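Structure below is my_file-v9.cif: mmCIF, C-alpha atoms.
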```cif
data_final
#
loop_
_atom_site.label_atom_id
_atom_site.label_comp_id
_atom_site.auth_asym_id
_atom_site.auth_seq_id
_atom_site.Cartn_x
_atom_site.Cartn_y
_atom_site.Cartn_z
CA MET E 1 98.87 102.86 79.80
CA THR E 2 100.13 99.45 80.81
CA THR E 3 97.94 96.94 82.56
CA LEU E 4 99.17 96.23 86.03
CA GLU E 5 100.31 92.66 86.45
CA THR E 6 99.05 90.94 89.56
CA TYR E 7 100.07 87.92 91.61
CA PRO E 8 97.76 85.74 93.73
CA ILE E 9 98.44 85.74 97.48
CA THR E 10 96.54 83.44 99.81
CA VAL E 11 96.23 83.57 103.59
CA GLY E 12 93.95 80.83 104.89
CA ASN E 13 90.59 81.38 103.19
CA VAL E 14 91.45 84.83 101.84
CA THR E 15 92.99 85.36 98.39
CA ARG E 16 94.15 88.69 97.00
CA HIS E 17 95.46 89.49 93.54
CA VAL E 18 98.14 91.99 94.46
CA PRO E 19 100.17 94.20 92.12
CA LEU E 20 103.66 93.11 91.11
CA VAL E 21 106.08 95.98 91.63
CA GLU E 22 109.58 96.34 90.27
CA THR E 23 111.78 97.19 93.26
CA LEU E 24 115.05 96.95 91.32
CA PRO E 25 115.47 96.63 87.55
CA GLY E 26 114.45 93.10 86.58
CA MET E 27 113.30 92.22 90.10
CA ARG E 28 109.60 92.12 90.85
CA ILE E 29 107.82 91.42 94.11
CA PRO E 30 104.13 90.96 94.97
CA LEU E 31 103.10 94.04 96.95
CA ILE E 32 101.19 92.88 100.00
CA GLU E 33 99.25 95.45 102.00
CA PHE E 34 97.73 94.56 105.36
CA LEU E 35 96.80 98.17 106.17
CA GLY E 36 93.20 98.72 105.22
CA ASP E 37 92.50 95.04 104.50
CA THR E 38 90.35 94.03 107.47
CA GLU E 39 89.55 90.55 106.17
CA LEU E 40 93.19 89.67 105.42
CA VAL E 41 94.32 90.88 108.85
CA GLU E 42 91.59 88.92 110.63
CA GLU E 43 92.52 85.72 108.81
CA ALA E 44 96.27 86.19 109.30
CA ALA E 45 95.83 86.89 113.03
CA ARG E 46 93.67 83.79 113.42
CA LEU E 47 96.38 81.60 111.83
CA LEU E 48 99.34 83.33 113.46
CA LYS E 49 97.79 82.84 116.90
CA GLU E 50 98.69 79.13 116.68
CA ARG E 51 102.38 80.08 116.26
CA VAL E 52 102.66 82.31 119.32
CA PRO E 53 104.87 80.42 121.79
CA GLU E 54 103.08 79.28 124.95
CA GLU E 55 105.60 81.09 127.15
CA ALA E 56 105.23 84.48 125.42
CA GLU E 57 104.11 87.25 127.78
CA MET E 58 104.08 90.11 125.30
CA LEU E 59 104.04 90.92 121.57
CA PHE E 60 106.36 93.46 119.96
CA SER E 61 106.08 94.99 116.50
CA LEU E 62 106.65 98.26 114.67
CA GLU E 63 104.65 100.89 112.83
CA CYS E 64 102.91 101.02 110.45
CA SER E 65 101.69 98.13 108.29
CA PRO E 66 101.82 95.37 110.99
CA VAL E 67 99.81 97.50 113.48
CA PRO E 68 96.30 96.12 112.80
CA LEU E 69 97.74 92.59 112.77
CA VAL E 70 99.53 92.89 116.10
CA HIS E 71 96.48 94.58 117.65
CA ARG E 72 94.23 91.71 116.58
CA LEU E 73 96.78 89.06 117.60
CA ALA E 74 97.11 90.71 121.02
CA GLN E 75 93.36 90.55 121.42
CA LEU E 76 93.17 86.88 120.40
CA THR E 77 96.04 85.80 122.65
CA GLU E 78 95.13 88.20 125.49
CA LEU E 79 98.73 89.40 125.56
CA PRO E 80 99.80 93.04 125.79
CA TYR E 81 101.69 94.55 122.83
CA VAL E 82 104.17 97.31 122.22
CA VAL E 83 104.99 99.04 118.92
CA ALA E 84 108.31 100.68 118.01
CA ARG E 85 107.97 103.95 116.11
CA LYS E 86 109.77 105.08 112.99
CA ARG E 87 109.95 108.72 114.01
CA ARG E 88 110.83 110.46 117.20
CA ARG E 89 107.78 111.97 118.88
CA ALA E 90 107.87 115.16 120.95
CA TYR E 91 106.63 113.37 124.07
CA MET E 92 109.24 110.60 124.08
CA GLU E 93 111.51 110.51 127.11
CA ASP E 94 114.98 109.03 126.88
CA PRO E 95 113.97 106.68 124.02
CA LEU E 96 115.93 103.65 122.85
CA ILE E 97 117.15 104.36 119.32
CA GLN E 98 117.90 101.43 117.03
CA GLU E 99 119.23 101.49 113.49
CA VAL E 100 117.72 98.88 111.18
CA PRO E 101 120.59 96.96 109.59
CA SER E 102 120.29 97.15 105.82
CA LEU E 103 122.03 95.56 102.87
CA THR E 104 121.47 98.59 100.68
CA LEU E 105 123.61 101.62 101.47
CA GLY E 106 121.81 104.80 102.43
CA ALA E 107 118.43 103.14 102.78
CA SER E 108 118.54 102.65 106.51
CA ASP E 109 115.64 103.17 108.91
CA THR E 110 115.66 104.05 112.57
CA LEU E 111 113.32 102.71 115.23
CA TRP E 112 112.37 104.65 118.36
CA LEU E 113 111.07 103.17 121.57
CA ASP E 114 109.88 105.47 124.32
CA ARG E 115 111.40 104.59 127.72
CA ARG E 116 107.90 104.16 129.16
CA TRP E 117 107.31 101.36 126.63
CA ALA E 118 110.77 99.86 127.02
CA GLU E 119 110.04 99.45 130.73
CA ARG E 120 107.08 97.25 129.91
CA ILE E 121 109.39 94.87 128.03
CA MET E 122 111.88 94.52 130.87
CA ASN E 123 112.04 90.94 132.22
CA ARG E 124 109.33 89.84 129.80
CA LYS E 125 109.32 86.96 127.31
CA VAL E 126 108.52 88.59 124.00
CA ALA E 127 107.27 87.34 120.62
CA LEU E 128 108.18 89.57 117.65
CA VAL E 129 105.42 90.05 115.08
CA MET E 130 105.74 91.22 111.49
CA ASP E 131 103.58 91.06 108.39
CA VAL E 132 106.29 90.54 105.76
CA VAL E 133 109.94 89.63 106.41
CA SER E 134 112.45 89.94 103.58
CA SER E 135 116.15 90.33 104.48
CA GLY E 136 115.27 90.08 108.17
CA GLY E 137 116.96 93.39 109.01
CA THR E 138 113.85 94.86 110.60
CA MET E 139 113.28 91.69 112.63
CA LYS E 140 116.91 91.96 113.76
CA ALA E 141 116.33 95.54 114.90
CA LEU E 142 113.24 94.50 116.90
CA ASP E 143 115.30 91.68 118.41
CA ARG E 144 118.01 94.11 119.54
CA LEU E 145 115.46 96.55 120.96
CA VAL E 146 113.97 93.80 123.13
CA GLN E 147 117.44 92.80 124.35
CA ARG E 148 118.36 96.41 125.09
CA ALA E 149 115.09 96.89 126.98
CA GLY E 150 115.94 93.88 129.16
CA GLY E 151 113.44 91.43 127.65
CA LYS E 152 113.93 88.00 126.14
CA VAL E 153 112.86 87.07 122.60
CA VAL E 154 111.00 83.74 122.61
CA GLY E 155 109.60 83.83 119.07
CA ARG E 156 109.86 85.62 115.73
CA LEU E 157 106.59 85.44 113.80
CA ALA E 158 105.64 86.63 110.35
CA VAL E 159 102.83 86.03 107.89
CA PHE E 160 105.13 86.05 104.86
CA GLN E 161 108.78 85.41 104.13
CA GLN E 162 109.67 87.17 100.90
CA GLY E 163 112.83 85.99 99.17
CA LYS E 164 115.91 84.95 101.11
CA ARG E 165 116.69 86.09 104.64
CA GLU E 166 120.16 87.63 104.99
CA PHE E 167 120.29 88.25 108.71
CA ASP E 168 120.44 85.49 111.33
CA GLY E 169 117.54 84.60 113.60
CA GLU E 170 114.98 81.92 112.79
CA VAL E 171 111.59 83.24 111.68
CA ASP E 172 108.39 81.23 112.03
CA TYR E 173 106.34 82.30 109.00
CA LEU E 174 103.06 81.09 107.53
CA TYR E 175 103.83 81.44 103.80
CA GLU E 176 106.69 82.06 101.41
CA ILE E 177 106.34 84.50 98.56
CA PRO E 178 108.74 84.66 95.65
CA ILE E 179 110.85 87.37 94.13
CA LEU E 180 110.12 87.13 90.42
CA MET Q 1 104.78 111.47 137.00
CA ARG Q 2 101.80 113.76 136.48
CA THR Q 3 98.73 112.00 135.10
CA TYR Q 4 95.19 112.94 134.11
CA PRO Q 5 92.34 110.50 134.85
CA VAL Q 6 89.84 109.73 132.09
CA GLU Q 7 86.96 107.34 131.61
CA ILE Q 8 86.23 106.45 128.00
CA ALA Q 9 83.50 104.03 126.96
CA GLY Q 10 83.56 102.57 130.49
CA VAL Q 11 87.35 102.11 130.60
CA ARG Q 12 89.45 104.14 133.06
CA ARG Q 13 92.98 105.28 132.30
CA GLU Q 14 95.53 107.58 133.92
CA LEU Q 15 97.00 109.43 130.95
CA PRO Q 16 100.57 110.71 131.43
CA VAL Q 17 100.80 114.49 131.08
CA VAL Q 18 103.83 115.25 128.93
CA PRO Q 19 105.30 118.52 127.64
CA VAL Q 20 105.17 118.94 123.85
CA GLY Q 21 106.60 122.45 123.65
CA GLU Q 22 107.78 125.42 125.73
CA ASP Q 23 104.34 126.44 126.92
CA VAL Q 24 102.10 123.44 126.64
CA ALA Q 25 101.72 119.89 127.94
CA VAL Q 26 99.16 117.32 126.83
CA ALA Q 27 97.52 114.25 128.32
CA LEU Q 28 98.93 111.46 126.17
CA LEU Q 29 96.43 108.97 124.77
CA ASN Q 30 98.04 105.93 123.22
CA LEU Q 31 95.75 103.41 121.57
CA LEU Q 32 98.80 101.60 120.21
CA GLY Q 33 99.33 98.81 122.72
CA ASP Q 34 96.01 99.32 124.50
CA THR Q 35 93.77 96.58 123.13
CA GLU Q 36 91.08 96.86 125.81
CA LEU Q 37 90.60 100.59 125.34
CA THR Q 38 90.70 100.35 121.53
CA GLU Q 39 87.99 97.68 121.49
CA ALA Q 40 85.77 99.58 123.96
CA VAL Q 41 86.11 102.77 121.92
CA ALA Q 42 85.27 100.87 118.71
CA ASP Q 43 82.08 99.51 120.33
CA GLU Q 44 81.00 103.01 121.27
CA MET Q 45 81.97 104.57 117.93
CA ALA Q 46 80.07 101.88 116.01
CA ARG Q 47 76.92 103.05 117.84
CA ARG Q 48 77.58 106.66 116.88
CA LEU Q 49 78.57 106.07 113.26
CA PRO Q 50 77.05 108.77 111.03
CA GLU Q 51 74.23 107.62 108.77
CA GLY Q 52 75.18 106.59 105.25
CA ALA Q 53 78.89 106.13 105.92
CA GLN Q 54 80.55 104.01 103.22
CA VAL Q 55 84.27 104.20 104.03
CA LEU Q 56 86.48 105.13 106.98
CA VAL Q 57 89.64 107.21 106.61
CA THR Q 58 92.26 107.44 109.36
CA PRO Q 59 95.62 109.19 109.58
CA GLU Q 60 98.74 107.07 110.26
CA VAL Q 61 99.36 105.58 112.85
CA LYS Q 62 97.87 105.76 116.37
CA ALA Q 63 94.26 105.41 115.28
CA VAL Q 64 94.99 102.47 112.92
CA PRO Q 65 94.05 99.70 115.41
CA LEU Q 66 90.85 101.62 116.13
CA ALA Q 67 90.01 101.92 112.41
CA HIS Q 68 90.54 98.18 112.04
CA ALA Q 69 88.35 97.38 115.05
CA LEU Q 70 85.63 99.74 113.78
CA SER Q 71 85.86 98.18 110.32
CA VAL Q 72 85.34 94.72 111.85
CA ARG Q 73 82.19 95.95 113.63
CA THR Q 74 80.65 97.99 110.83
CA GLY Q 75 81.76 95.99 107.80
CA LEU Q 76 83.03 99.23 106.25
CA PRO Q 77 86.47 99.32 104.59
CA TYR Q 78 89.08 101.74 105.91
CA VAL Q 79 91.87 103.68 104.25
CA VAL Q 80 95.01 104.94 105.99
CA ALA Q 81 96.31 108.38 105.02
CA ARG Q 82 100.10 107.98 105.24
CA LYS Q 83 102.57 110.60 106.44
CA THR Q 84 105.12 109.91 103.74
CA ALA Q 85 104.81 108.93 100.08
CA LYS Q 86 106.07 105.37 99.51
CA PRO Q 87 108.03 104.33 96.42
CA TYR Q 88 105.47 101.62 95.61
CA MET Q 89 102.47 103.99 95.56
CA ARG Q 90 100.70 104.56 92.26
CA ASN Q 91 99.65 108.16 91.54
CA PRO Q 92 99.70 109.27 95.18
CA VAL Q 93 97.75 112.41 96.15
CA THR Q 94 99.31 114.60 98.83
CA ARG Q 95 98.40 117.53 101.06
CA GLU Q 96 100.69 119.48 103.32
CA VAL Q 97 99.34 120.63 106.67
CA VAL Q 98 101.12 122.81 109.21
CA SER Q 99 100.73 121.79 112.83
CA ILE Q 100 99.72 124.79 114.92
CA THR Q 101 101.36 123.33 118.05
CA THR Q 102 104.73 122.42 116.53
CA GLY Q 103 104.76 124.74 113.52
CA LYS Q 104 106.17 121.88 111.48
CA PRO Q 105 104.76 120.93 108.09
CA GLN Q 106 103.21 117.48 107.89
CA LEU Q 107 102.40 115.55 104.76
CA LEU Q 108 99.23 113.51 104.27
CA VAL Q 109 99.35 111.01 101.42
CA LEU Q 110 96.74 108.79 99.78
CA ASP Q 111 97.86 105.95 97.56
CA GLY Q 112 96.18 106.10 94.15
CA ALA Q 113 94.78 102.61 94.77
CA ASP Q 114 93.02 103.98 97.86
CA VAL Q 115 91.71 107.05 96.02
CA ASP Q 116 89.39 104.71 94.10
CA LYS Q 117 87.88 103.56 97.41
CA ILE Q 118 87.05 107.16 98.40
CA ARG Q 119 85.88 108.78 95.15
CA GLY Q 120 82.10 109.30 95.12
CA LYS Q 121 81.77 107.80 98.61
CA LYS Q 122 80.45 109.09 101.95
CA VAL Q 123 83.50 109.19 104.20
CA VAL Q 124 83.86 109.16 107.99
CA ILE Q 125 87.19 110.35 109.40
CA VAL Q 126 88.41 108.37 112.42
CA ASP Q 127 91.13 109.80 114.68
CA ASP Q 128 92.33 109.46 118.25
CA VAL Q 129 92.63 113.11 119.33
CA VAL Q 130 91.49 116.21 117.44
CA SER Q 131 93.33 119.19 118.88
CA THR Q 132 93.91 122.27 116.75
CA GLY Q 133 92.23 120.51 113.87
CA SER Q 134 95.08 121.04 111.41
CA THR Q 135 95.31 117.33 110.55
CA LEU Q 136 91.53 117.16 110.32
CA LYS Q 137 91.41 120.15 107.96
CA GLY Q 138 94.12 118.60 105.78
CA LEU Q 139 92.34 115.26 105.70
CA ARG Q 140 89.04 116.88 104.76
CA GLU Q 141 90.67 118.79 101.91
CA LEU Q 142 92.50 115.68 100.74
CA ILE Q 143 89.32 113.56 100.75
CA GLU Q 144 87.28 116.25 99.01
CA SER Q 145 90.01 116.82 96.42
CA VAL Q 146 89.65 113.19 95.28
CA GLY Q 147 85.84 113.35 95.18
CA GLY Q 148 84.86 111.94 98.58
CA GLU Q 149 82.23 113.52 100.80
CA VAL Q 150 83.06 113.80 104.51
CA VAL Q 151 79.82 113.02 106.38
CA GLY Q 152 81.29 112.92 109.87
CA VAL Q 153 84.34 112.86 112.12
CA LEU Q 154 84.74 110.37 114.97
CA ALA Q 155 87.42 110.96 117.60
CA VAL Q 156 88.18 109.56 121.03
CA PHE Q 157 88.87 113.06 122.35
CA THR Q 158 88.70 116.65 121.33
CA GLU Q 159 91.48 118.66 123.00
CA GLY Q 160 91.84 122.31 123.97
CA ASN Q 161 88.77 124.02 122.60
CA PRO Q 162 85.58 121.94 122.39
CA ARG Q 163 84.26 121.68 118.82
CA ASP Q 164 80.88 120.75 117.45
CA ASP Q 165 82.10 119.36 114.10
CA VAL Q 166 83.53 116.24 115.79
CA ILE Q 167 81.70 113.33 117.42
CA ALA Q 168 83.99 112.76 120.42
CA LEU Q 169 83.70 110.35 123.33
CA GLY Q 170 85.41 112.82 125.65
CA HIS Q 171 87.36 116.05 125.98
CA LEU Q 172 90.92 116.76 127.14
CA PRO Q 173 92.16 120.09 128.48
CA LEU Q 174 95.62 121.44 127.64
CA PHE Q 175 98.11 121.71 130.50
CA LYS Q 176 100.98 123.98 131.52
CA PRO Q 177 104.37 122.29 131.64
CA GLU Q 178 105.55 121.65 135.19
CA GLU Q 179 107.98 124.18 136.66
#
```
Conversion result in structure tokens:
Amino acid sequence: MTTLETYPITVGNVTRHVPLVETLPGMRIPLIEFLGDTELVEEAARLLKERVPEEAEMLFSLECSPVPLVHRLAQLTELPYVVARKRRRAYMEDPLIQEVPSLTLGASDTLWLDRRWAERIMNRKVALVMDVVSSGGTMKALDRLVQRAGGKVVGRLAVFQQGKREFDGEVDYLYEIPIL
Amino acid sequence: MRTYPVEIAGVRRELPVVPVGEDVAVALLNLLGDTELTEAVADEMARRLPEGAQVLVTPEVKAVPLAHALSVRTGLPYVVARKTAKPYMRNPVTREVVSITTGKPQLLVLDGADVDKIRGKKVVIVDDVVSTGSTLKGLRELIESVGGEVVGVLAVFTEGNPRDDVIALGHLPLFKPEE
């Protein structure tokens, strides 16, 4: 049994020693989990609030790990939020379907946005919210969904930038975390 | 669009009634994106929290904002049962449940790291809508299989048949799809 190596992650006044996981041979990343960490989410939302552009009228994110964060941020900023889903649901009507651009072949995700939710984005100024951004492919997919729904992206926010971003689009993040 | 009016914890909503199969339509509750309702429900649930609760468990994903809001109020940690196993999970524990409405199998997965938070603890399950109870049954079995004790279930709504094993803030009927 090997001891799990950890890496210290700090958000404001909250520090977590998170496991280092090997995603590819010889490449290890700190595994950050916002789901189930109430204190970390509260602190991140408090700090991220300062980065939400003044003109933003709505927040947009995706399931599942950023959900508590975007909920809390929506509450703090008094802005509505919408979440794209990763699976089609039976009740969805005429959803927008968006592939997540990926650098690794065969590892692509799809995002689904019910038409009812897309309509809420139309003509709105939208800030995108994520917990961790790596290549930026998911952020890009959120960006395209907002455009397709007739909204305008006015900010791209994240708590962490992990490694180097490969897709275009500036991201306003709180902290960088390394790939080891 | 057909809607069904509800009042939950003092908040009124017109829920869209949407078909989910050949013979049935449901009033669609969506806590995702509804901050006001989520917070009001969390206030009410915090008052009704079963005695002795030590940890909350919620299925991915619609009840996740609610679990967070309830965790903030009660100081209890929460664990999310995922619907797929993730490559980064350590020693995940899974349970397959079959949805009675869709007939499709659904996986419930606990990360090994989360199992430690449940073992030997008094657990309260938090969900948005309990309908046939298939997810609830799967969650119960999953929690008990890792040594947790389910001391209560909190839901915004029960749906279809009323049930006395769930503390619900309201009840939703099932609907016929429109002709």
When the PyMOL selection byres ((chain E and resi 140) around 8) is applied to the file above, which residues end up in the set, as a PyMOL selection string? chain E and resi 100-101+136-139+141-144+167-169
At most 9 Å is the cut-off: for each residue in chain E with any atom that close to an atom of chain Q, write down the nearest atom pair and the distance in Å rounded to one decimal, counting all atoms listed in the file, chain first then increasing number, as CSV.
```
residue,atom,partner,partner_atom,distance
E:Val21,CA,Q:Tyr88,CA,6.9
E:Glu22,CA,Q:Tyr88,CA,8.6
E:Thr23,CA,Q:Tyr88,CA,8.1
E:Leu31,CA,Q:Tyr88,CA,8.1
E:Leu35,CA,Q:Val80,CA,7.0
E:Gly36,CA,Q:Tyr78,CA,5.2
E:Asp37,CA,Q:Pro77,CA,7.4
E:Thr38,CA,Q:His68,CA,6.2
E:Glu39,CA,Q:Val72,CA,8.2
E:Val41,CA,Q:His68,CA,8.8
E:Glu42,CA,Q:Val72,CA,8.6
E:Glu63,CA,Q:Val61,CA,7.1
E:Cys64,CA,Q:Val61,CA,6.3
E:Val67,CA,Q:Pro65,CA,6.5
E:Pro68,CA,Q:Pro65,CA,5.0
E:Leu69,CA,Q:Pro65,CA,8.4
E:Val70,CA,Q:Pro65,CA,8.8
E:His71,CA,Q:Pro65,CA,6.1
E:Arg72,CA,Q:Pro65,CA,8.1
E:Ala74,CA,Q:Thr35,CA,7.1
E:Gln75,CA,Q:Thr35,CA,6.3
E:Glu78,CA,Q:Thr35,CA,8.8
E:Pro80,CA,Q:Gly33,CA,6.6
E:Tyr81,CA,Q:Gly33,CA,4.9
E:Val82,CA,Q:Gly33,CA,5.1
E:Val83,CA,Q:Gly33,CA,6.8
E:Arg89,CA,Q:Val20,CA,8.9
E:Ala90,CA,Q:Val20,CA,5.5
E:Tyr91,CA,Q:Val20,CA,5.8
E:Met92,CA,Q:Val18,CA,8.6
```
Name the residues in contact with Pro95 in chain E at a cut-off of 6 Å, using only C-alpha atoms, excluding same-chain residues fewer than 5 positions from it; report them as a ChimeraX atom specification. /E:113-115
If the PyMOL selection byres ((chain E and resi 53) around 10) is run on the structure shown, which residues does it catch, given as a PyMOL selection string? chain E and resi 49-52+54-57+125-127+154-157
For this file, the PyMOL selection byres ((chain Q and resi 83) around 9) selects which residues, as a list of chain:residue names?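 Taken on the displayed file, the PyMOL selection byres ((chain Q and resi 83) around 9) yields the residues Q:Pro59, Q:Glu60, Q:Val61, Q:Ala81, Q:Arg82, Q:Thr84, Q:Ala85, Q:Gln106, Q:Leu107, Q:Leu108, Q:Val109.
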Go ahead and save the residues from that selection, with C-alpha atoms, as a JSON list (two decimals), in the frame of the given file.
```
[["chain", "number", "residue", "atom", "x", "y", "z"],
["Q", 59, "PRO", "CA", 95.62, 109.19, 109.58],
["Q", 60, "GLU", "CA", 98.74, 107.07, 110.26],
["Q", 61, "VAL", "CA", 99.36, 105.58, 112.85],
["Q", 81, "ALA", "CA", 96.31, 108.38, 105.02],
["Q", 82, "ARG", "CA", 100.10, 107.98, 105.24],
["Q", 84, "THR", "CA", 105.12, 109.91, 103.74],
["Q", 85, "ALA", "CA", 104.81, 108.93, 100.08],
["Q", 106, "GLN", "CA", 103.21, 117.48, 107.89],
["Q", 107, "LEU", "CA", 102.40, 115.55, 104.76],
["Q", 108, "LEU", "CA", 99.23, 113.51, 104.27],
["Q", 109, "VAL", "CA", 99.35, 111.01, 101.42]]
```
